[in-house]
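Pasted below: entry_21.txt, compact mmCIF, C-alpha atoms and all ligand atoms.
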```
# COMPACT_ATOMS: atom_id res chain seq x y z
CA MET B 1 0.00 0.00 0.00
CA ALA B 2 1.54 3.29 -1.10
CA LYS B 3 0.72 5.13 2.10
CA ALA B 4 2.30 2.51 4.34
CA LYS B 5 5.42 2.54 2.20
CA GLN B 6 5.71 6.28 2.53
CA VAL B 7 5.39 6.16 6.31
CA ARG B 8 7.93 3.33 6.61
CA GLY B 9 10.34 5.37 4.54
CA MET B 10 10.09 8.22 7.00
CA GLY B 11 10.81 6.12 10.03
CA GLY B 12 12.67 2.97 9.26
CA MET B 13 10.98 0.57 11.68
CA ASP B 14 9.63 -2.66 10.21
CA ASP B 15 6.02 -3.62 9.70
CA ALA B 16 5.88 -5.80 12.80
CA ALA B 17 6.05 -2.83 15.18
CA HIS B 18 2.82 -1.69 16.81
CA PRO B 19 1.39 1.61 15.61
CA ALA B 20 2.51 4.75 17.37
CA ILE B 21 0.17 7.73 17.15
CA LEU B 22 1.41 11.26 17.75
CA VAL B 23 -1.29 13.67 18.94
CA MET B 24 0.31 17.06 18.29
CA GLY B 25 -0.50 20.74 18.38
CA VAL B 26 0.28 23.91 20.25
CA SER B 27 0.02 24.08 24.01
CA GLY B 28 -3.61 24.05 25.10
CA SER B 29 -4.92 22.48 21.88
CA GLY B 30 -6.07 19.45 23.87
CA LYS B 31 -3.31 16.93 23.15
CA THR B 32 -3.31 15.32 26.58
CA SER B 33 -7.11 15.20 26.83
CA VAL B 34 -7.55 13.69 23.38
CA ALA B 35 -4.55 11.34 23.56
CA VAL B 36 -5.77 9.86 26.86
CA ALA B 37 -9.27 9.34 25.43
CA LEU B 38 -7.85 7.87 22.23
CA ALA B 39 -5.54 5.51 24.11
CA GLU B 40 -8.50 4.27 26.13
CA ARG B 41 -10.55 3.77 23.00
CA LEU B 42 -7.77 1.83 21.28
CA GLY B 43 -6.54 -0.09 24.30
CA ALA B 44 -3.20 1.60 23.66
CA LEU B 45 -0.40 2.73 25.97
CA PHE B 46 -0.25 6.46 26.66
CA VAL B 47 2.95 8.50 26.69
CA GLU B 48 2.94 12.12 27.92
CA ALA B 49 5.81 14.10 26.43
CA ASP B 50 5.63 16.68 29.22
CA ASP B 51 6.75 13.96 31.67
CA HIS B 52 10.12 13.81 29.91
CA HIS B 53 11.13 17.47 30.15
CA PRO B 54 14.23 18.14 32.21
CA PRO B 55 13.34 20.36 35.20
CA ALA B 56 15.15 23.31 33.59
CA ASN B 57 12.76 23.23 30.63
CA VAL B 58 9.71 23.24 32.88
CA ALA B 59 11.21 26.08 34.92
CA ALA B 60 11.84 28.13 31.76
CA MET B 61 8.29 27.64 30.48
CA ALA B 62 6.80 28.41 33.89
CA LYS B 63 8.70 31.72 33.80
CA GLY B 64 7.25 32.48 30.36
CA ILE B 65 10.45 31.71 28.45
CA PRO B 66 9.82 29.71 25.24
CA LEU B 67 12.01 26.68 24.66
CA THR B 68 14.66 26.81 21.95
CA ASP B 69 15.58 24.08 19.48
CA GLU B 70 18.59 23.26 21.68
CA LEU B 71 16.46 22.86 24.80
CA ARG B 72 13.91 20.78 22.97
CA ARG B 73 16.40 18.38 21.38
CA PRO B 74 17.27 16.14 24.38
CA TRP B 75 13.65 16.20 25.45
CA LEU B 76 12.47 14.98 22.06
CA GLU B 77 15.10 12.26 22.06
CA ALA B 78 13.93 11.06 25.48
CA VAL B 79 10.31 11.11 24.30
CA GLY B 80 11.26 9.14 21.18
CA GLU B 81 13.05 6.56 23.34
CA ALA B 82 10.01 6.21 25.57
CA VAL B 83 7.78 5.59 22.56
CA ALA B 84 10.26 3.09 21.10
CA GLU B 85 10.23 1.11 24.35
CA ARG B 86 6.46 1.13 24.76
CA ARG B 87 5.62 0.23 21.18
CA ALA B 88 7.42 -3.05 21.61
CA GLU B 89 4.59 -3.91 24.03
CA GLY B 90 1.59 -2.58 22.12
CA PRO B 91 0.11 0.39 20.27
CA VAL B 92 1.13 3.76 21.71
CA VAL B 93 -0.56 7.14 21.77
CA LEU B 94 1.84 10.02 22.42
CA ALA B 95 0.77 13.53 23.46
CA CYS B 96 3.54 15.87 22.29
CA SER B 97 3.56 19.39 20.88
CA ALA B 98 6.12 18.31 18.21
CA LEU B 99 5.72 21.75 16.66
CA LYS B 100 8.36 21.60 13.94
CA ARG B 101 8.86 19.08 11.20
CA ARG B 102 12.40 18.39 12.38
CA TYR B 103 11.12 17.69 15.89
CA ARG B 104 8.79 15.08 14.48
CA ASP B 105 11.71 13.66 12.53
CA VAL B 106 13.72 13.32 15.76
CA LEU B 107 10.81 11.35 17.20
CA ARG B 108 10.68 9.17 14.08
CA ARG B 109 14.39 8.50 14.15
CA ARG B 110 14.11 7.25 17.72
CA ALA B 111 10.69 5.61 17.68
CA GLY B 112 9.96 4.65 14.07
CA PRO B 113 7.07 5.73 11.89
CA LEU B 114 4.30 7.78 13.43
CA ASP B 115 0.68 8.36 12.58
CA VAL B 116 0.11 12.05 13.10
CA VAL B 117 -3.08 13.56 14.52
CA HIS B 118 -2.98 17.37 14.49
CA LEU B 119 -5.38 19.32 16.72
CA THR B 120 -6.10 22.77 15.36
CA ALA B 121 -8.27 25.61 16.63
CA PRO B 122 -8.42 29.40 16.51
CA ARG B 123 -6.02 31.17 18.86
CA ALA B 124 -8.83 32.71 20.92
CA LEU B 125 -10.33 29.34 21.77
CA ILE B 126 -6.99 27.86 22.84
CA PHE B 127 -5.98 30.97 24.76
CA GLY B 128 -9.24 30.80 26.70
CA ARG B 129 -8.65 27.18 27.62
CA MET B 130 -5.07 27.85 28.72
CA ALA B 131 -6.07 30.86 30.78
CA ALA B 132 -8.75 28.81 32.55
CA ARG B 133 -6.28 26.03 33.40
CA ARG B 134 -5.07 26.36 36.97
CA ASP B 135 -2.97 23.26 37.53
CA HIS B 136 -0.45 23.55 34.70
CA PHE B 137 3.02 25.07 34.42
CA MET B 138 2.49 26.47 30.93
CA PRO B 139 1.33 30.11 30.91
CA ALA B 140 -1.12 31.26 28.24
CA ALA B 141 1.38 34.00 27.43
CA LEU B 142 3.50 31.38 25.67
CA LEU B 143 0.77 30.52 23.19
CA ASP B 144 1.95 33.03 20.58
CA SER B 145 5.48 31.58 20.61
CA GLN B 146 3.96 28.12 20.14
CA ILE B 147 1.92 29.35 17.17
CA ALA B 148 5.01 31.03 15.71
CA ASP B 149 7.01 27.80 15.95
CA LEU B 150 4.29 25.56 14.56
CA GLU B 151 5.06 23.88 11.26
CA ALA B 152 1.80 22.14 10.50
CA PRO B 153 2.28 18.64 9.10
CA GLY B 154 1.91 18.67 5.31
CA PRO B 155 0.74 15.95 2.92
CA ALA B 156 4.04 14.04 3.19
CA GLU B 157 3.20 13.33 6.83
CA ASP B 158 -0.35 12.30 5.92
CA PRO B 159 -1.87 13.85 9.05
CA VAL B 160 -5.34 13.35 10.47
CA ILE B 161 -6.36 16.97 11.04
CA LEU B 162 -9.07 17.55 13.63
CA ASP B 163 -10.97 20.61 14.78
CA ALA B 164 -10.01 20.89 18.44
CA ALA B 165 -13.19 22.84 19.19
CA LEU B 166 -15.12 19.55 19.11
CA PRO B 167 -15.72 17.64 22.35
CA VAL B 168 -12.87 15.39 23.48
CA ASP B 169 -14.82 12.16 22.99
CA THR B 170 -15.81 13.17 19.48
CA LEU B 171 -12.19 13.95 18.64
CA ALA B 172 -11.03 10.60 20.00
CA ARG B 173 -13.72 8.82 18.01
CA HIS B 174 -12.84 10.62 14.77
CA ALA B 175 -9.16 9.89 15.28
CA ALA B 176 -9.84 6.23 16.02
CA THR B 177 -11.99 5.90 12.91
CA ALA B 178 -9.32 7.44 10.68
CA LEU B 179 -6.56 5.33 12.24
CA ALA B 180 -8.56 2.13 11.98
CA LEU B 181 -8.51 2.53 8.20
CA ARG B 182 -4.71 2.52 8.31
CA HIS B 183 -4.30 -0.17 10.95
CA PRO B 184 -6.98 -2.86 10.74
CA ARG B 185 -5.90 -4.44 14.03
CA LEU B 186 -6.59 -1.17 15.82
CA ALA B 187 -10.08 -1.26 14.30
CA THR B 188 -10.78 -4.61 15.99
CA ARG B 189 -9.65 -3.22 19.32
CA SER B 190 -11.73 -0.06 19.09
CA HIS B 191 -14.88 -2.10 18.48
CA GLY B 192 -14.07 -4.86 20.90
CA GLY B 193 -13.14 -3.11 24.13
CA ASN B 194 -9.78 -2.04 25.36
CA VAL B 195 -7.94 -5.25 25.97
CA GLY B 196 -6.07 -6.82 23.15
N1 LIG R 201 -11.99 19.37 23.05
C1 LIG R 201 -12.04 20.06 24.18
N2 LIG R 201 -13.14 20.69 24.56
C2 LIG R 201 -13.17 21.41 25.71
N3 LIG R 201 -12.11 21.57 26.55
C3 LIG R 201 -10.96 20.96 26.20
C4 LIG R 201 -10.86 20.17 25.02
N4 LIG R 201 -9.61 19.70 24.93
C5 LIG R 201 -8.96 20.16 26.01
N5 LIG R 201 -9.76 20.91 26.77
C6 LIG R 201 -9.37 21.61 28.00
O1 LIG R 201 -8.42 22.60 27.59
C7 LIG R 201 -7.30 22.61 28.45
C8 LIG R 201 -6.05 22.21 27.67
O2 LIG R 201 -6.15 20.86 27.32
P1 LIG R 201 -4.90 19.89 27.41
O3 LIG R 201 -4.16 20.08 28.69
O4 LIG R 201 -5.39 18.52 27.07
O5 LIG R 201 -4.04 20.49 26.20
P2 LIG R 201 -2.53 20.20 25.80
O6 LIG R 201 -2.44 20.45 24.34
O7 LIG R 201 -2.13 18.86 26.28
O8 LIG R 201 -1.78 21.31 26.59
P3 LIG R 201 -0.22 21.40 26.99
O9 LIG R 201 0.56 21.14 25.77
O10 LIG R 201 -0.05 22.80 27.48
O11 LIG R 201 0.02 20.37 28.05
C9 LIG R 201 -7.63 21.66 29.60
O12 LIG R 201 -8.18 22.39 30.65
C10 LIG R 201 -8.66 20.72 28.99
O13 LIG R 201 -9.55 20.20 29.96
O1 LIG R 202 7.88 22.37 22.79
C1 LIG R 202 7.49 23.09 23.69
O2 LIG R 202 7.43 24.30 23.66
C2 LIG R 202 7.04 22.48 24.96
O3 LIG R 202 7.27 21.16 24.98
C3 LIG R 202 5.59 22.73 25.20
O4 LIG R 202 4.84 22.50 24.04
C4 LIG R 202 5.10 21.92 26.35
O5 LIG R 202 5.61 20.63 26.36
C5 LIG R 202 3.66 21.79 26.47
O6 LIG R 202 2.93 22.01 25.31
C6 LIG R 202 3.24 22.65 27.59
O7 LIG R 202 2.48 21.93 28.39
```
Will you turn the file into structure tokens for me?
Amino acid sequence: MAKAKQVRGMGGMDDAAHPAILVMGVSGSGKTSVAVALAERLGALFVEADDHHPPANVAAMAKGIPLTDELRRPWLEAVGEAVAERRAEGPVVLACSALKRRYRDVLRRRAGPLDVVHLTAPRALIFGRMAARRDHFMPAALLDSQIADLEAPGPAEDPVILDAALPVDTLARHAATALALRHPRLATRSHGGNVG
């Protein structure tokens, strides 16, 4: 299948590996919410990229300082390693901003091919959600730097693009439906409960 060939070419992991799904987007777009719901729906393992930041990165963001490529590099490598380990056990859903194409390529080099789900929404909607969030280190003031850094995945990455204004469960369902077309074994799981 042409699509599968293209994805393999971008990652280099063989066909036997379980799917790994990257739920990406700017801060506040709903990556964690949707990735958790999608992982439940697919019976997949969940990886949270934010858990792999060195403390200095979290401290910088909490102070309103955007991360640079240099600061993001070791973080992305650690996230890619985590996905590589988990996908040996089963399908993985990763929540990660992965804003630039080269960041996604770092993930692919470490973890193998990725199915990309991109959550998009108008700035005002995302800003409102970030501002309302009380228990998170990321200030809404960093949203504009996230939008400036974003390189939306183009056709070569074959993304599933979703309107993040929809309810979380709807987004997870739409993502699962699109992914089931690419990975028939995921389709069985999503209809048959969450144990494989
Ligand atoms: N589809 C949605 N509808 C309504 N509220 C949502 C939706 N998705 C996320 N939210 C809410 O918006 C806020 C941001 O969501 P979430 O933390 O999942 O985003 P994120 O992209 O993972 O953010 P970050 O990258 O900063 O960790 C949360 O308070 C969450 O409950
Ligand atoms: O690349 C980045 O700028 C950061 O990783 C952020 O995107 C955070 O991880 C997250 O989105 C905030 O919670």
Edge lengths and centre, in Å to one decimal, as JSON: that's what I need for the box along x, y and z that holds all listed atoms of ligand LIG 202 (chain R) plus 3 Å on each side.
```
{"center_x": 5.2, "center_y": 22.5, "center_z": 25.6, "size_x": 11.4, "size_y": 9.7, "size_z": 11.6}
```
TODO: List every protein, DNA or RNA residue that has at least one atom no more than 10 Å from (-2.5, 18.0, 18.6) in the file's coordinates, counting all atoms listed in the file, and write the result as number ranges by chain.
DONE: B: 22-35, 94-99, 116-121, 160-164
- [ ] Grab the atom CA of B:Pro167 to atom C3 of ligand LIG 201 (chain R) distance for me, in Å with one decimal place.
- [x] 7.0 Å
Task: Surrounding residues of B:Arg123 excluding itself and chain neighbours under 2 positions, 9 Å, all atoms listed in the file, as a ChimeraX atom specification - done: /B:121,125-128,143-144,147
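Going from atom CA of B:Val58 over to atom CA of B:Trp75, you cover 11.0 Å.
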- [ ] Considering all atoms listed in the file, state which residue in the set B:Leu38, B:Leu171, B:Ile21, B:Ala59 is at the smallest distance from ligand LIG 202 (chain R).
- [x] B:Ala59
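Distance-wise, atom CA of B:Arg101 and atom CA of B:Gly43 end up 27.9 Å apart.
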Task: Long-range neighbours of B:Ala84 as a PyMOL selection string, 8 Å cut-off, all atoms listed in the file, 5 positions minimum in chain - done: chain B and resi 110-112
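Minimum atom-to-atom distances from B:His18, B:His136, B:Arg102, B:Arg182 to ligand LIG 202 (chain R) were compared using all atoms listed in the file, and the lowest value belongs to B:His136.
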Task: Surrounding residues of stretch 148-152 of chain B excluding itself and chain neighbours under 2 positions, 6 Å, only C-alpha atoms, as number ranges by chain - done: B: 99-100, 145-146
Task: Best match for closeness to ligand LIG 202 (chain R) among B:Arg86, B:Arg133, B:Arg41, B:Arg109, counting all atoms listed in the file - done: B:Arg133
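Distance annotation: of B:Ala49, B:Leu114, B:Ala39, B:Leu186, the residue with the minimal separation from ligand LIG 201 (chain R) is B:Ala49; atom set is all atoms listed in the file.
For the set B:Asp115, B:Asp135, B:Glu89, B:Glu81, the residue with the smallest atom-to-atom gap to ligand LIG 202 (chain R) is B:Asp135, counting only C-alpha atoms and all ligand atoms.
For B:Ala44, the list of residues within 7 Å, based on all atoms listed in the file and with local chain neighbours fewer than 6 positions off taken out, reads B:Gly90, B:Pro91, B:Val92, B:Val93.
Among the candidates B:Ala172, B:Met138, B:Leu45, B:Ala178, the residue lying nearest to ligand LIG 201 (chain R) is B:Met138 (atoms considered: all atoms listed in the file).
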Open item on the list: Could you list, as a ChimeraX atom specification, every residue within 7 Å of B:Leu67, counting all atoms listed in the file and ignoring same-chain residues fewer than 5 positions away?
Closed with: /B:57,61,72
